[in-house]
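Report on one structure; see the data block that follows.
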Amino acid sequence: MNTSGNQIKIFCGNANPELAREIASEIGIPLGNCEVGTFSDGEIAVNINETVRGADLFVVQPTHPPVNDNLMELLILIDAFKRASAGRITAVLPYYGYARQDRKAKARDPITAKLVADLLTTAGADRVLTMDLHASQIQGYFDIPLDHLLGVPILAKYFIKKNVQDLVVVSPDLGSVTRARNFANHLDAPIAIIDKRRPKANVSEVMNIIGEVEGKNVILIDDMIDTAGTITQGANALKEFGAKEVYACCTHPVLSGPAIERIQNSAIKELIVTNTISLPEEKKIDKIQVMSVAPIIAEAIQRIYKNISVSRLFD
């Protein structure tokens with residue numbers, strides 16, 4: 001659908017209004033006027049306070065914890081805009097929740113990442129803009145267009161500017177090797193891999209380091225850090241294997257449960273994250289540096305609005 005002649009509007013729920021305001025500011029438009037609250041029983045109430053008829057709408061709402069509240073806000077906002085005759089609705093999910101259940105690992109498992117894709121489509125989204133999906137095959141769960149942005153260039157820019165010498169990029173597990181290699185290409189650095197066994201969810205055990213880290217400054221990279229067990233155990237193991245300074249970075253700082261305490265007490269010197277997820281004050285410790293994804297999301301939104309290539313952002 002070509003709607004580039006229609007007005008562009010940015011709206012958001014309560015998940016990350018700071019990021020939405022920053023994106024709108026980058027584009028040079030005000031944030032759309034809507035109210036997202038609750039009734040006394042906890043049901044989500046949405047009021048759209050301006051006309052959206054025929055507009056090209058972008059709804060910025062990462063679905064991080066509380067995941068269910070943020071997801072329902074997004075679905076209800078999309079439904080409201082659809083019923084208000086919006087021209088095109090793009091769901092902007094800087095962080096896509098429920099992405100970890102992306103396949104049937106054992107009998108009777110749900111594929112929740114596919115369920116969320118179906119919910120977004122049923123609610124009325126015409127397309128999706130997201131960043132660093134936990135598994136890239138999730139793109140195939142959508143029957144509507146999806147643009148997938150990468151956090152690696154933003155995180156790499158921090159280390160290029162910092163000019164750390166003798167670098168080795170380390171993948172925290174075998175599944176993150178492609179991401180680590182892409183990151184290493186930006187820094188012109190070699191890679192190493194942590195080979196670990198995970199006995200159960202959110203518990204990991206380091207077994208071996210594949211590659212040379214002794215006497216090197218190392219950067220652990222992952223798409224998300226949740227309880228921080230994997231990343232801190234990996235950082236401590238790298239120190240034991242002779243690494244000099246250990247840095248870590250991720251696109252999505254979920255940082256739930258004991259994550260902050262683990263990071264504070266680990267061998268990690270600095271943790272570089274993005275603002276796809278807004279960090280509350282109690283999680284803003286000195287070790288954590290935040291990079292903004294607003295410029296790249298704003299550029300992608302303008303490219304979608306003008307019907308020009310988004311992939312060229314990464315050429």
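Residues are referred to by chain and number: the chain letter is A, B, ... according to the order shown in the structure tokens, the number counts from 1 in that chain, and ligands are numbered separately from 1 in the order shown.
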Contact check, stretch 77-146 of chain A to stretch 271-285 of chain A, at most 12 Å, counting only C-alpha atoms, closest pairs as JSON lines:
{"residue": "A:Val92", "atom": "CA", "partner": "A:Thr276", "partner_atom": "CA", "distance": 10.7}
{"residue": "A:Leu93", "atom": "CA", "partner": "A:Thr276", "partner_atom": "CA", "distance": 8.5}
{"residue": "A:Pro94", "atom": "CA", "partner": "A:Thr276", "partner_atom": "CA", "distance": 5.1}
{"residue": "A:Tyr95", "atom": "CA", "partner": "A:Thr276", "partner_atom": "CA", "distance": 5.9}
{"residue": "A:Tyr96", "atom": "CA", "partner": "A:Thr276", "partner_atom": "CA", "distance": 9.7}
{"residue": "A:Gly97", "atom": "CA", "partner": "A:Ile277", "partner_atom": "CA", "distance": 10.9}
{"residue": "A:Thr130", "atom": "CA", "partner": "A:Thr276", "partner_atom": "CA", "distance": 9.8}
{"residue": "A:Met131", "atom": "CA", "partner": "A:Thr276", "partner_atom": "CA", "distance": 8.3}
{"residue": "A:Asp132", "atom": "CA", "partner": "A:Thr276", "partner_atom": "CA", "distance": 10.0}
{"residue": "A:Leu133", "atom": "CA", "partner": "A:Thr276", "partner_atom": "CA", "distance": 11.9}
With 12 Å as the cut-off and only C-alpha atoms counted, what is the closest atom pair between each nearby residue of stretch 30-120 of chain A and stretch 14-23 of chain A? Distances in Å to one decimal, ordered by chain and number, as a Markdown table.
| residue | atom | partner | partner_atom | distance |
| --- | --- | --- | --- | --- |
| A:Pro30 | CA | A:Arg21 | CA | 7.8 |
| A:Leu31 | CA | A:Arg21 | CA | 6.0 |
| A:Gly32 | CA | A:Arg21 | CA | 9.4 |
| A:Asn33 | CA | A:Arg21 | CA | 11.5 |
| A:Cys34 | CA | A:Asn14 | CA | 10.6 |
| A:Glu35 | CA | A:Asn14 | CA | 9.1 |
| A:Val36 | CA | A:Asn14 | CA | 7.0 |
| A:Gly37 | CA | A:Asn14 | CA | 8.5 |
| A:Thr38 | CA | A:Asn14 | CA | 11.2 |
| A:Ile44 | CA | A:Asn14 | CA | 11.0 |
| A:Ala45 | CA | A:Asn14 | CA | 11.8 |
| A:Val46 | CA | A:Asn14 | CA | 11.1 |
| A:Phe58 | CA | A:Ala20 | CA | 9.8 |
| A:Val59 | CA | A:Ala20 | CA | 8.6 |
| A:Val60 | CA | A:Ala20 | CA | 5.9 |
| A:Gln61 | CA | A:Ala15 | CA | 5.8 |
| A:Pro62 | CA | A:Ala15 | CA | 6.2 |
| A:Thr63 | CA | A:Ala15 | CA | 7.1 |
| A:His64 | CA | A:Ala15 | CA | 7.5 |
| A:Pro65 | CA | A:Ala15 | CA | 8.6 |
| A:Pro66 | CA | A:Ala15 | CA | 8.5 |
| A:Val67 | CA | A:Ala15 | CA | 9.1 |
| A:Asn68 | CA | A:Ala15 | CA | 11.0 |
| A:Asp69 | CA | A:Ala15 | CA | 8.7 |
| A:Asn70 | CA | A:Ala15 | CA | 5.9 |
| A:Leu71 | CA | A:Ala15 | CA | 9.1 |
| A:Met72 | CA | A:Ala15 | CA | 10.9 |
| A:Glu73 | CA | A:Asn14 | CA | 7.9 |
| A:Leu74 | CA | A:Ala15 | CA | 9.2 |
| A:Leu77 | CA | A:Asn14 | CA | 11.1 |
| A:Val92 | CA | A:Ala20 | CA | 9.7 |
| A:Leu93 | CA | A:Ala15 | CA | 10.2 |
| A:Pro94 | CA | A:Leu19 | CA | 9.5 |
| A:Tyr95 | CA | A:Ala15 | CA | 10.4 |
| A:Gly97 | CA | A:Ala15 | CA | 11.9 |
Residues of stretch 59-255 of chain A in strand (DSSP E or B), written as a ChimeraX atom specification:
/A:59-60,86,88-93,127-131,146-149,167-171,191-200,203-210,217-225,246-253
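With atom CA of A:Val213 on one side and atom CA of A:Asp226 on the other, the separation reads 24.9 Å.
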